[in-house]
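Colleague: For reference, the file protein_17.txt (compact mmCIF, N, CA and C atoms and all ligand atoms) is included below:
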# COMPACT_ATOMS: atom_id res chain seq x y z
N MET G 1 -10.02 13.30 32.33
CA MET G 1 -11.05 13.24 31.30
C MET G 1 -12.42 13.53 31.92
N ALA G 2 -13.26 14.13 31.11
CA ALA G 2 -14.62 14.41 31.56
C ALA G 2 -15.59 13.84 30.54
N MET G 3 -16.73 13.42 31.03
CA MET G 3 -17.73 12.89 30.12
C MET G 3 -18.75 13.98 29.81
N ARG G 4 -18.98 14.18 28.54
CA ARG G 4 -19.98 15.17 28.15
C ARG G 4 -20.99 14.50 27.23
N MET G 5 -22.17 15.09 27.20
CA MET G 5 -23.24 14.49 26.42
C MET G 5 -23.43 15.21 25.09
N GLY G 6 -23.60 14.42 24.05
CA GLY G 6 -23.87 15.00 22.74
C GLY G 6 -24.96 14.22 22.03
N THR G 7 -25.46 14.78 20.94
CA THR G 7 -26.53 14.13 20.18
C THR G 7 -26.07 13.86 18.75
N CYS G 8 -26.30 12.63 18.29
CA CYS G 8 -25.95 12.30 16.91
C CYS G 8 -26.86 13.08 15.97
N ARG G 9 -26.26 13.70 14.98
CA ARG G 9 -27.02 14.52 14.03
C ARG G 9 -27.84 13.67 13.07
N PHE G 10 -27.49 12.42 12.97
CA PHE G 10 -28.15 11.57 11.98
C PHE G 10 -29.33 10.80 12.57
N CYS G 11 -29.14 10.22 13.76
CA CYS G 11 -30.22 9.39 14.30
C CYS G 11 -30.82 9.99 15.58
N GLY G 12 -30.22 11.06 16.08
CA GLY G 12 -30.78 11.71 17.26
C GLY G 12 -30.48 11.03 18.59
N GLN G 13 -29.68 9.96 18.53
CA GLN G 13 -29.33 9.27 19.77
C GLN G 13 -28.33 10.10 20.57
N THR G 14 -28.49 10.10 21.88
CA THR G 14 -27.51 10.82 22.69
C THR G 14 -26.46 9.84 23.18
N ALA G 15 -25.25 10.32 23.34
CA ALA G 15 -24.17 9.47 23.83
C ALA G 15 -23.17 10.33 24.58
N MET G 16 -22.35 9.66 25.38
CA MET G 16 -21.33 10.37 26.13
C MET G 16 -20.01 10.31 25.35
N VAL G 17 -19.27 11.39 25.42
CA VAL G 17 -17.94 11.40 24.83
C VAL G 17 -16.93 11.87 25.87
N ASP G 18 -15.73 11.34 25.72
CA ASP G 18 -14.63 11.74 26.60
C ASP G 18 -14.00 13.01 26.08
N VAL G 19 -13.93 14.02 26.90
CA VAL G 19 -13.19 15.22 26.50
C VAL G 19 -12.21 15.58 27.62
N LYS G 20 -11.20 16.33 27.25
CA LYS G 20 -10.24 16.75 28.27
C LYS G 20 -10.93 17.69 29.25
N GLU G 21 -10.53 17.56 30.49
CA GLU G 21 -11.10 18.34 31.58
C GLU G 21 -11.18 19.83 31.26
N ASP G 22 -10.08 20.37 30.70
CA ASP G 22 -10.00 21.82 30.48
C ASP G 22 -10.44 22.22 29.06
N GLN G 23 -10.99 21.26 28.34
CA GLN G 23 -11.39 21.55 26.97
C GLN G 23 -12.81 22.11 26.92
N GLU G 24 -12.92 23.33 26.43
CA GLU G 24 -14.24 23.95 26.33
C GLU G 24 -14.84 23.65 24.97
N LEU G 25 -15.84 22.79 24.95
CA LEU G 25 -16.47 22.47 23.68
C LEU G 25 -17.90 22.98 23.66
N SER G 26 -18.28 23.52 22.53
CA SER G 26 -19.67 23.97 22.40
C SER G 26 -20.54 22.74 22.20
N GLN G 27 -21.84 22.89 22.37
CA GLN G 27 -22.74 21.76 22.17
C GLN G 27 -22.63 21.25 20.74
N ASP G 28 -22.42 22.19 19.81
CA ASP G 28 -22.26 21.84 18.41
C ASP G 28 -21.07 20.91 18.19
N GLN G 29 -19.96 21.23 18.81
CA GLN G 29 -18.75 20.42 18.68
C GLN G 29 -18.93 19.05 19.31
N LEU G 30 -19.65 19.03 20.44
CA LEU G 30 -19.93 17.75 21.10
C LEU G 30 -20.81 16.88 20.19
N ASP G 31 -21.78 17.52 19.55
CA ASP G 31 -22.66 16.78 18.65
C ASP G 31 -21.88 16.18 17.48
N VAL G 32 -20.90 16.93 16.98
CA VAL G 32 -20.08 16.44 15.87
C VAL G 32 -19.30 15.20 16.33
N LEU G 33 -18.72 15.28 17.53
CA LEU G 33 -17.96 14.14 18.06
C LEU G 33 -18.84 12.91 18.20
N VAL G 34 -20.03 13.10 18.75
CA VAL G 34 -20.95 11.97 18.94
C VAL G 34 -21.39 11.42 17.58
N SER G 35 -21.65 12.33 16.63
CA SER G 35 -22.08 11.90 15.29
C SER G 35 -21.01 11.03 14.63
N GLU G 36 -19.74 11.39 14.86
CA GLU G 36 -18.65 10.63 14.26
C GLU G 36 -18.49 9.24 14.88
N GLN G 37 -18.81 9.16 16.16
CA GLN G 37 -18.61 7.89 16.86
C GLN G 37 -19.82 6.97 16.79
N CYS G 38 -20.96 7.53 16.41
CA CYS G 38 -22.20 6.77 16.41
C CYS G 38 -22.11 5.60 15.41
N ARG G 39 -22.85 4.54 15.70
CA ARG G 39 -22.81 3.37 14.82
C ARG G 39 -23.99 3.30 13.86
N CYS G 40 -24.70 4.41 13.71
CA CYS G 40 -25.88 4.37 12.84
C CYS G 40 -25.49 4.51 11.37
N ASP G 41 -26.46 4.28 10.48
CA ASP G 41 -26.22 4.34 9.03
C ASP G 41 -25.77 5.72 8.57
N GLY G 42 -26.41 6.75 9.12
CA GLY G 42 -26.09 8.11 8.73
C GLY G 42 -24.64 8.45 9.00
N SER G 43 -24.17 8.00 10.14
CA SER G 43 -22.78 8.24 10.52
C SER G 43 -21.84 7.48 9.59
N ALA G 44 -22.20 6.24 9.26
CA ALA G 44 -21.38 5.42 8.36
C ALA G 44 -21.31 6.08 6.99
N ARG G 45 -22.44 6.60 6.53
CA ARG G 45 -22.47 7.26 5.21
C ARG G 45 -21.60 8.50 5.20
N MET G 46 -21.65 9.26 6.29
CA MET G 46 -20.85 10.47 6.37
C MET G 46 -19.35 10.15 6.31
N LYS G 47 -18.97 9.09 7.04
CA LYS G 47 -17.56 8.70 7.06
C LYS G 47 -17.11 8.22 5.69
N GLU G 48 -18.00 7.46 5.03
CA GLU G 48 -17.70 6.97 3.69
C GLU G 48 -17.54 8.14 2.71
N LYS G 49 -18.45 9.09 2.82
CA LYS G 49 -18.40 10.26 1.94
C LYS G 49 -17.09 11.03 2.15
N LYS G 50 -16.75 11.23 3.41
CA LYS G 50 -15.54 11.96 3.76
C LYS G 50 -14.31 11.27 3.14
N ARG G 51 -14.29 9.94 3.26
CA ARG G 51 -13.19 9.15 2.74
C ARG G 51 -13.09 9.32 1.22
N ILE G 52 -14.22 9.22 0.54
CA ILE G 52 -14.23 9.32 -0.92
C ILE G 52 -13.83 10.72 -1.38
N LEU G 53 -14.37 11.74 -0.71
CA LEU G 53 -14.04 13.11 -1.11
C LEU G 53 -12.55 13.39 -0.91
N GLU G 54 -11.99 12.89 0.18
CA GLU G 54 -10.56 13.12 0.44
C GLU G 54 -9.70 12.41 -0.59
N ALA G 55 -10.10 11.17 -0.94
CA ALA G 55 -9.34 10.40 -1.91
C ALA G 55 -9.40 11.08 -3.28
N THR G 56 -10.60 11.57 -3.65
CA THR G 56 -10.76 12.22 -4.95
C THR G 56 -9.99 13.53 -4.99
N GLU G 57 -10.02 14.25 -3.87
CA GLU G 57 -9.30 15.51 -3.78
C GLU G 57 -7.80 15.28 -4.04
N TRP G 58 -7.30 14.22 -3.46
CA TRP G 58 -5.90 13.87 -3.64
C TRP G 58 -5.62 13.53 -5.11
N GLU G 59 -6.53 12.77 -5.71
CA GLU G 59 -6.39 12.40 -7.13
C GLU G 59 -6.36 13.62 -8.03
N ILE G 60 -7.26 14.57 -7.75
CA ILE G 60 -7.34 15.79 -8.55
C ILE G 60 -6.02 16.56 -8.45
N GLY G 61 -5.53 16.69 -7.24
CA GLY G 61 -4.27 17.38 -7.01
C GLY G 61 -3.12 16.74 -7.75
N THR G 62 -3.12 15.40 -7.74
CA THR G 62 -2.06 14.66 -8.42
C THR G 62 -2.17 14.81 -9.93
N MET G 63 -3.39 14.76 -10.43
CA MET G 63 -3.59 14.82 -11.87
C MET G 63 -3.26 16.20 -12.43
N LEU G 64 -3.72 17.24 -11.75
CA LEU G 64 -3.57 18.59 -12.29
C LEU G 64 -2.30 19.31 -11.83
N GLY G 65 -1.84 18.92 -10.66
CA GLY G 65 -0.57 19.46 -10.17
C GLY G 65 -0.54 20.97 -10.03
N GLU G 66 0.66 21.49 -9.94
CA GLU G 66 0.88 22.92 -9.73
C GLU G 66 0.38 23.76 -10.91
N GLU G 67 0.56 23.20 -12.08
CA GLU G 67 0.25 23.94 -13.29
C GLU G 67 -1.22 24.38 -13.34
N TYR G 68 -2.08 23.49 -12.88
CA TYR G 68 -3.51 23.80 -12.92
C TYR G 68 -4.12 23.85 -11.51
N ALA G 69 -3.36 24.39 -10.59
CA ALA G 69 -3.80 24.42 -9.19
C ALA G 69 -5.16 25.11 -9.03
N GLU G 70 -5.39 26.17 -9.80
CA GLU G 70 -6.67 26.89 -9.67
C GLU G 70 -7.83 26.07 -10.20
N VAL G 71 -7.55 25.32 -11.27
CA VAL G 71 -8.59 24.45 -11.84
C VAL G 71 -8.89 23.32 -10.85
N ALA G 72 -7.83 22.80 -10.24
CA ALA G 72 -7.99 21.74 -9.25
C ALA G 72 -8.88 22.25 -8.11
N GLN G 73 -8.66 23.48 -7.68
CA GLN G 73 -9.45 24.06 -6.60
C GLN G 73 -10.93 24.13 -6.98
N LEU G 74 -11.18 24.48 -8.22
CA LEU G 74 -12.56 24.57 -8.72
C LEU G 74 -13.23 23.20 -8.67
N LEU G 75 -12.51 22.19 -9.10
CA LEU G 75 -13.06 20.83 -9.10
C LEU G 75 -13.30 20.35 -7.68
N ILE G 76 -12.37 20.66 -6.79
CA ILE G 76 -12.48 20.23 -5.39
C ILE G 76 -13.71 20.88 -4.75
N GLU G 77 -13.95 22.14 -5.10
CA GLU G 77 -15.12 22.82 -4.55
C GLU G 77 -16.43 22.19 -5.03
N ALA G 78 -16.39 21.58 -6.21
CA ALA G 78 -17.62 20.99 -6.77
C ALA G 78 -17.82 19.54 -6.33
N LEU G 79 -16.83 18.97 -5.64
CA LEU G 79 -16.89 17.55 -5.27
C LEU G 79 -18.17 17.17 -4.53
N ASP G 80 -18.56 18.00 -3.60
CA ASP G 80 -19.75 17.70 -2.80
C ASP G 80 -20.99 17.60 -3.70
N LEU G 81 -21.10 18.53 -4.64
CA LEU G 81 -22.24 18.55 -5.56
C LEU G 81 -22.25 17.32 -6.45
N VAL G 82 -21.05 16.89 -6.86
CA VAL G 82 -20.95 15.71 -7.71
C VAL G 82 -21.32 14.47 -6.89
N TYR G 83 -20.80 14.41 -5.67
CA TYR G 83 -21.08 13.26 -4.81
C TYR G 83 -22.57 13.14 -4.53
N GLU G 84 -23.21 14.27 -4.28
CA GLU G 84 -24.65 14.26 -3.99
C GLU G 84 -25.49 14.19 -5.26
N GLU G 85 -24.80 14.13 -6.39
CA GLU G 85 -25.43 14.06 -7.71
C GLU G 85 -26.33 15.26 -8.02
N LYS G 86 -25.92 16.39 -7.48
CA LYS G 86 -26.59 17.64 -7.87
C LYS G 86 -25.97 18.11 -9.18
N ILE G 87 -24.77 17.60 -9.45
CA ILE G 87 -24.16 17.75 -10.76
C ILE G 87 -23.96 16.34 -11.28
N LYS G 88 -24.48 16.05 -12.44
CA LYS G 88 -24.35 14.70 -13.00
C LYS G 88 -22.93 14.44 -13.48
N LYS G 89 -22.40 15.44 -14.15
CA LYS G 89 -21.06 15.28 -14.69
C LYS G 89 -20.46 16.66 -14.89
N LEU G 90 -19.22 16.77 -14.51
CA LEU G 90 -18.52 18.04 -14.66
C LEU G 90 -17.36 17.82 -15.61
N THR G 91 -17.35 18.60 -16.68
CA THR G 91 -16.27 18.47 -17.64
C THR G 91 -15.55 19.80 -17.77
N VAL G 92 -14.26 19.75 -17.66
CA VAL G 92 -13.45 20.95 -17.80
C VAL G 92 -12.48 20.70 -18.95
N THR G 93 -12.41 21.62 -19.85
CA THR G 93 -11.45 21.48 -20.94
C THR G 93 -10.28 22.42 -20.70
N LEU G 94 -9.12 21.82 -20.61
CA LEU G 94 -7.91 22.60 -20.34
C LEU G 94 -7.28 23.03 -21.66
N PRO G 95 -6.44 24.04 -21.62
CA PRO G 95 -5.72 24.41 -22.84
C PRO G 95 -4.95 23.20 -23.33
N GLY G 96 -4.89 23.00 -24.61
CA GLY G 96 -4.18 21.84 -25.14
C GLY G 96 -5.11 20.66 -25.31
N HIS G 97 -6.40 20.94 -25.27
CA HIS G 97 -7.43 19.92 -25.55
C HIS G 97 -7.43 18.73 -24.62
N THR G 98 -7.09 18.93 -23.38
CA THR G 98 -7.24 17.86 -22.41
C THR G 98 -8.53 18.10 -21.66
N LYS G 99 -9.36 17.07 -21.65
CA LYS G 99 -10.63 17.17 -20.96
C LYS G 99 -10.55 16.43 -19.64
N VAL G 100 -11.10 17.02 -18.61
CA VAL G 100 -11.17 16.36 -17.31
C VAL G 100 -12.63 16.14 -16.98
N ASN G 101 -12.99 14.90 -16.71
CA ASN G 101 -14.36 14.58 -16.34
C ASN G 101 -14.43 14.15 -14.89
N LEU G 102 -15.47 14.60 -14.25
CA LEU G 102 -15.69 14.25 -12.85
C LEU G 102 -17.16 13.85 -12.72
N TYR G 103 -17.42 12.63 -12.30
CA TYR G 103 -18.81 12.22 -12.13
C TYR G 103 -18.94 11.09 -11.12
N LYS G 104 -20.14 10.93 -10.62
CA LYS G 104 -20.41 9.89 -9.63
C LYS G 104 -20.45 8.56 -10.35
N SER G 105 -19.78 7.60 -9.77
CA SER G 105 -19.76 6.27 -10.36
C SER G 105 -19.86 5.25 -9.24
N GLY G 106 -20.99 4.57 -9.16
CA GLY G 106 -21.21 3.64 -8.07
C GLY G 106 -21.17 4.41 -6.76
N PRO G 107 -20.48 3.88 -5.76
CA PRO G 107 -20.42 4.60 -4.49
C PRO G 107 -19.37 5.71 -4.50
N GLY G 108 -18.51 5.70 -5.52
CA GLY G 108 -17.41 6.66 -5.52
C GLY G 108 -17.55 7.74 -6.57
N ILE G 109 -16.48 8.50 -6.74
CA ILE G 109 -16.44 9.54 -7.76
C ILE G 109 -15.35 9.18 -8.75
N LYS G 110 -15.69 9.28 -10.01
CA LYS G 110 -14.72 8.93 -11.05
C LYS G 110 -14.08 10.20 -11.59
N LEU G 111 -12.77 10.14 -11.72
CA LEU G 111 -12.02 11.26 -12.28
C LEU G 111 -11.26 10.71 -13.47
N GLU G 112 -11.46 11.31 -14.62
CA GLU G 112 -10.70 10.84 -15.78
C GLU G 112 -10.30 12.02 -16.64
N SER G 113 -9.19 11.85 -17.32
CA SER G 113 -8.77 12.90 -18.25
C SER G 113 -8.59 12.26 -19.61
N GLN G 114 -8.95 12.99 -20.61
CA GLN G 114 -8.74 12.47 -21.95
C GLN G 114 -8.23 13.58 -22.86
N LYS G 115 -7.36 13.16 -23.73
CA LYS G 115 -6.82 14.08 -24.73
C LYS G 115 -7.81 14.07 -25.88
N THR G 116 -8.32 15.21 -26.24
CA THR G 116 -9.25 15.22 -27.38
C THR G 116 -8.50 15.73 -28.60
N GLN G 117 -8.65 14.98 -29.65
CA GLN G 117 -7.98 15.33 -30.87
C GLN G 117 -8.82 16.36 -31.63
N LYS G 118 -8.20 17.42 -31.96
CA LYS G 118 -8.94 18.39 -32.77
C LYS G 118 -8.71 17.97 -34.22
N LEU G 119 -9.78 17.56 -34.85
CA LEU G 119 -9.65 17.06 -36.22
C LEU G 119 -9.51 18.22 -37.22
N GLU G 120 -8.46 18.14 -37.98
CA GLU G 120 -8.24 19.16 -39.00
C GLU G 120 -9.06 18.80 -40.22
N SER G 121 -9.69 19.79 -40.72
CA SER G 121 -10.47 19.54 -41.93
C SER G 121 -9.50 19.30 -43.11
N LEU G 122 -9.82 18.29 -43.88
CA LEU G 122 -8.94 17.97 -45.00
C LEU G 122 -9.25 18.79 -46.24
N THR G 123 -10.46 19.29 -46.26
CA THR G 123 -10.84 20.06 -47.42
C THR G 123 -10.95 21.53 -47.07
N CYS G 124 -9.84 22.21 -47.18
CA CYS G 124 -9.92 23.64 -46.87
C CYS G 124 -9.35 24.51 -47.95
ZN ZN G 201 -26.34 8.12 14.96
Translate the structure of the given file into structure tokens.
Modeller:
Amino acid sequence: MAMRMGTCRFCGQTAMVDVKEDQELSQDQLDVLVSEQCRCDGSARMKEKKRILEATEWEIGTMLGEEYAEVAQLLIEALDLVYEEKIKKLTVTLPGHTKVNLYKSGPGIKLESQKTQKLESLTC
């Protein structure tokens, strides 16, 4: 093992990380490693975000499945924007009047689907 120096991207603290002797890492990669191991708030937030995005990604995949794989991909791509609240709420209406909502809720992201009833006019 060799010790290499990296800088946390969030707090700027430098720290040593263990890397394999023959492993060629760029300074960028070393910084990522240090950022992940750092105990600062920024690092904790990044890990929390990663956890939430992965969990939501899994939920989307489970909810939409193979049938709507392309729609799932679209929602997954927007996850970061929803998490950062650059999108307040994302609603997708699938064929068959199923609506999928994606929005930030507390520290996490809420995913819900609802069947919308198309009301038939009685007087036609
Ligand atoms: Zn840090």
Colleague: Once you count only C-alpha atoms and all ligand atoms, which residues end up within 12 Å of ligand ZN 201 (chain G), and could you hand them over as an MDAnalysis selection string?
Modeller: chainID G and resid 6:15 31:47
Colleague: Give me, as a PyMOL selection string, the residues of segment 26-100 of chain G that a backbone DSSP run labels helix (DSSP H, G or I).
Modeller: chain G and resi 27-37+41-64+69-83
Colleague: Pull N, CA and C atoms from the residues just selected and write them as a tab-separated table (two decimals), in the coordinates of the input.
Modeller:
chain	number	residue	atom	x	y	z
G	27	GLN	N	-21.84	22.89	22.37
G	27	GLN	CA	-22.74	21.76	22.17
G	27	GLN	C	-22.63	21.25	20.74
G	28	ASP	N	-22.42	22.19	19.81
G	28	ASP	CA	-22.26	21.84	18.41
G	28	ASP	C	-21.07	20.91	18.19
G	29	GLN	N	-19.96	21.23	18.81
G	29	GLN	CA	-18.75	20.42	18.68
G	29	GLN	C	-18.93	19.05	19.31
G	30	LEU	N	-19.65	19.03	20.44
G	30	LEU	CA	-19.93	17.75	21.10
G	30	LEU	C	-20.81	16.88	20.19
G	31	ASP	N	-21.78	17.52	19.55
G	31	ASP	CA	-22.66	16.78	18.65
G	31	ASP	C	-21.88	16.18	17.48
G	32	VAL	N	-20.90	16.93	16.98
G	32	VAL	CA	-20.08	16.44	15.87
G	32	VAL	C	-19.30	15.20	16.33
G	33	LEU	N	-18.72	15.28	17.53
G	33	LEU	CA	-17.96	14.14	18.06
G	33	LEU	C	-18.84	12.91	18.20
G	34	VAL	N	-20.03	13.10	18.75
G	34	VAL	CA	-20.95	11.97	18.94
G	34	VAL	C	-21.39	11.42	17.58
G	35	SER	N	-21.65	12.33	16.63
G	35	SER	CA	-22.08	11.90	15.29
G	35	SER	C	-21.01	11.03	14.63
G	36	GLU	N	-19.74	11.39	14.86
G	36	GLU	CA	-18.65	10.63	14.26
G	36	GLU	C	-18.49	9.24	14.88
G	37	GLN	N	-18.81	9.16	16.16
G	37	GLN	CA	-18.61	7.89	16.86
G	37	GLN	C	-19.82	6.97	16.79
G	41	ASP	N	-26.46	4.28	10.48
G	41	ASP	CA	-26.22	4.34	9.03
G	41	ASP	C	-25.77	5.72	8.57
G	42	GLY	N	-26.41	6.75	9.12
G	42	GLY	CA	-26.09	8.11	8.73
G	42	GLY	C	-24.64	8.45	9.00
G	43	SER	N	-24.17	8.00	10.14
G	43	SER	CA	-22.78	8.24	10.52
G	43	SER	C	-21.84	7.48	9.59
G	44	ALA	N	-22.20	6.24	9.26
G	44	ALA	CA	-21.38	5.42	8.36
G	44	ALA	C	-21.31	6.08	6.99
G	45	ARG	N	-22.44	6.60	6.53
G	45	ARG	CA	-22.47	7.26	5.21
G	45	ARG	C	-21.60	8.50	5.20
G	46	MET	N	-21.65	9.26	6.29
G	46	MET	CA	-20.85	10.47	6.37
G	46	MET	C	-19.35	10.15	6.31
G	47	LYS	N	-18.97	9.09	7.04
G	47	LYS	CA	-17.56	8.70	7.06
G	47	LYS	C	-17.11	8.22	5.69
G	48	GLU	N	-18.00	7.46	5.03
G	48	GLU	CA	-17.70	6.97	3.69
G	48	GLU	C	-17.54	8.14	2.71
G	49	LYS	N	-18.45	9.09	2.82
G	49	LYS	CA	-18.40	10.26	1.94
G	49	LYS	C	-17.09	11.03	2.15
G	50	LYS	N	-16.75	11.23	3.41
G	50	LYS	CA	-15.54	11.96	3.76
G	50	LYS	C	-14.31	11.27	3.14
G	51	ARG	N	-14.29	9.94	3.26
G	51	ARG	CA	-13.19	9.15	2.74
G	51	ARG	C	-13.09	9.32	1.22
G	52	ILE	N	-14.22	9.22	0.54
G	52	ILE	CA	-14.23	9.32	-0.92
G	52	ILE	C	-13.83	10.72	-1.38
G	53	LEU	N	-14.37	11.74	-0.71
G	53	LEU	CA	-14.04	13.11	-1.11
G	53	LEU	C	-12.55	13.39	-0.91
G	54	GLU	N	-11.99	12.89	0.18
G	54	GLU	CA	-10.56	13.12	0.44
G	54	GLU	C	-9.70	12.41	-0.59
G	55	ALA	N	-10.10	11.17	-0.94
G	55	ALA	CA	-9.34	10.40	-1.91
G	55	ALA	C	-9.40	11.08	-3.28
G	56	THR	N	-10.60	11.57	-3.65
G	56	THR	CA	-10.76	12.22	-4.95
G	56	THR	C	-9.99	13.53	-4.99
G	57	GLU	N	-10.02	14.25	-3.87
G	57	GLU	CA	-9.30	15.51	-3.78
G	57	GLU	C	-7.80	15.28	-4.04
G	58	TRP	N	-7.30	14.22	-3.46
G	58	TRP	CA	-5.90	13.87	-3.64
G	58	TRP	C	-5.62	13.53	-5.11
G	59	GLU	N	-6.53	12.77	-5.71
G	59	GLU	CA	-6.39	12.40	-7.13
G	59	GLU	C	-6.36	13.62	-8.03
G	60	ILE	N	-7.26	14.57	-7.75
G	60	ILE	CA	-7.34	15.79	-8.55
G	60	ILE	C	-6.02	16.56	-8.45
G	61	GLY	N	-5.53	16.69	-7.24
G	61	GLY	CA	-4.27	17.38	-7.01
G	61	GLY	C	-3.12	16.74	-7.75
G	62	THR	N	-3.12	15.40	-7.74
G	62	THR	CA	-2.06	14.66	-8.42
G	62	THR	C	-2.17	14.81	-9.93
G	63	MET	N	-3.39	14.76	-10.43
G	63	MET	CA	-3.59	14.82	-11.87
G	63	MET	C	-3.26	16.20	-12.43
G	64	LEU	N	-3.72	17.24	-11.75
G	64	LEU	CA	-3.57	18.59	-12.29
G	64	LEU	C	-2.30	19.31	-11.83
G	69	ALA	N	-3.36	24.39	-10.59
G	69	ALA	CA	-3.80	24.42	-9.19
G	69	ALA	C	-5.16	25.11	-9.03
G	70	GLU	N	-5.39	26.17	-9.80
G	70	GLU	CA	-6.67	26.89	-9.67
G	70	GLU	C	-7.83	26.07	-10.20
G	71	VAL	N	-7.55	25.32	-11.27
G	71	VAL	CA	-8.59	24.45	-11.84
G	71	VAL	C	-8.89	23.32	-10.85
G	72	ALA	N	-7.83	22.80	-10.24
G	72	ALA	CA	-7.99	21.74	-9.25
G	72	ALA	C	-8.88	22.25	-8.11
G	73	GLN	N	-8.66	23.48	-7.68
G	73	GLN	CA	-9.45	24.06	-6.60
G	73	GLN	C	-10.93	24.13	-6.98
G	74	LEU	N	-11.18	24.48	-8.22
G	74	LEU	CA	-12.56	24.57	-8.72
G	74	LEU	C	-13.23	23.20	-8.67
G	75	LEU	N	-12.51	22.19	-9.10
G	75	LEU	CA	-13.06	20.83	-9.10
G	75	LEU	C	-13.30	20.35	-7.68
G	76	ILE	N	-12.37	20.66	-6.79
G	76	ILE	CA	-12.48	20.23	-5.39
G	76	ILE	C	-13.71	20.88	-4.75
G	77	GLU	N	-13.95	22.14	-5.10
G	77	GLU	CA	-15.12	22.82	-4.55
G	77	GLU	C	-16.43	22.19	-5.03
G	78	ALA	N	-16.39	21.58	-6.21
G	78	ALA	CA	-17.62	20.99	-6.77
G	78	ALA	C	-17.82	19.54	-6.33
G	79	LEU	N	-16.83	18.97	-5.64
G	79	LEU	CA	-16.89	17.55	-5.27
G	79	LEU	C	-18.17	17.17	-4.53
G	80	ASP	N	-18.56	18.00	-3.60
G	80	ASP	CA	-19.75	17.70	-2.80
G	80	ASP	C	-20.99	17.60	-3.70
G	81	LEU	N	-21.10	18.53	-4.64
G	81	LEU	CA	-22.24	18.55	-5.56
G	81	LEU	C	-22.25	17.32	-6.45
G	82	VAL	N	-21.05	16.89	-6.86
G	82	VAL	CA	-20.95	15.71	-7.71
G	82	VAL	C	-21.32	14.47	-6.89
G	83	TYR	N	-20.80	14.41	-5.67
G	83	TYR	CA	-21.08	13.26	-4.81
G	83	TYR	C	-22.57	13.14	-4.53
Colleague: What lies within 8 Å of segment 105-118 of chain G using all atoms listed in the file, ignoring chain neighbours under 2 positions off, as an MDAnalysis selection string?
Modeller: chainID G and resid 48:49 52:53 56 59:60 82:83 96:103 120:121
Colleague: What does the distance from atom C of Val71 of chain G to atom C of Glu84 of chain G come to in Å, to one decimal?
Modeller: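 Result for atom C of Val71 of chain G versus atom C of Glu84 of chain G: 19.8 Å, one decimal.
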Colleague: How many Å lie between atom C of Met5 of chain G and atom C of Gln27 of chain G, rounded to one decimal?
Modeller: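 Taking atom C of Met5 of chain G and atom C of Gln27 of chain G, their separation equals 7.5 Å.
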Colleague: When you count only C-alpha atoms, which of these residues is closest to Glu54 of chain G: G:Ile76, G:Val92, G:Ala2, G:Ala69?
Modeller: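 Of G:Ile76, G:Val92, G:Ala2, G:Ala69, the one nearest Glu54 of chain G is G:Ile76, counting only C-alpha atoms.
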Colleague: Chain G: which residues are strand (DSSP E) by DSSP, as a PyMOL selection string?
Modeller: chain G and resi 2-7+14-19+89-94+98-105+108-115
Colleague: Rank nothing, just name the residue among G:Val17, G:Glu24, G:Leu30, G:Lys104 nearest to Leu81 of chain G, using all atoms listed in the file.
Modeller: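 Smallest distance to Leu81 of chain G is found for G:Lys104.
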Colleague: Just the number, please: distance in Å from atom N of Arg51 of chain G to atom CA of Met3 of chain G, one decimal.
Modeller: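 That distance, rounded to one decimal, is 27.2 Å.
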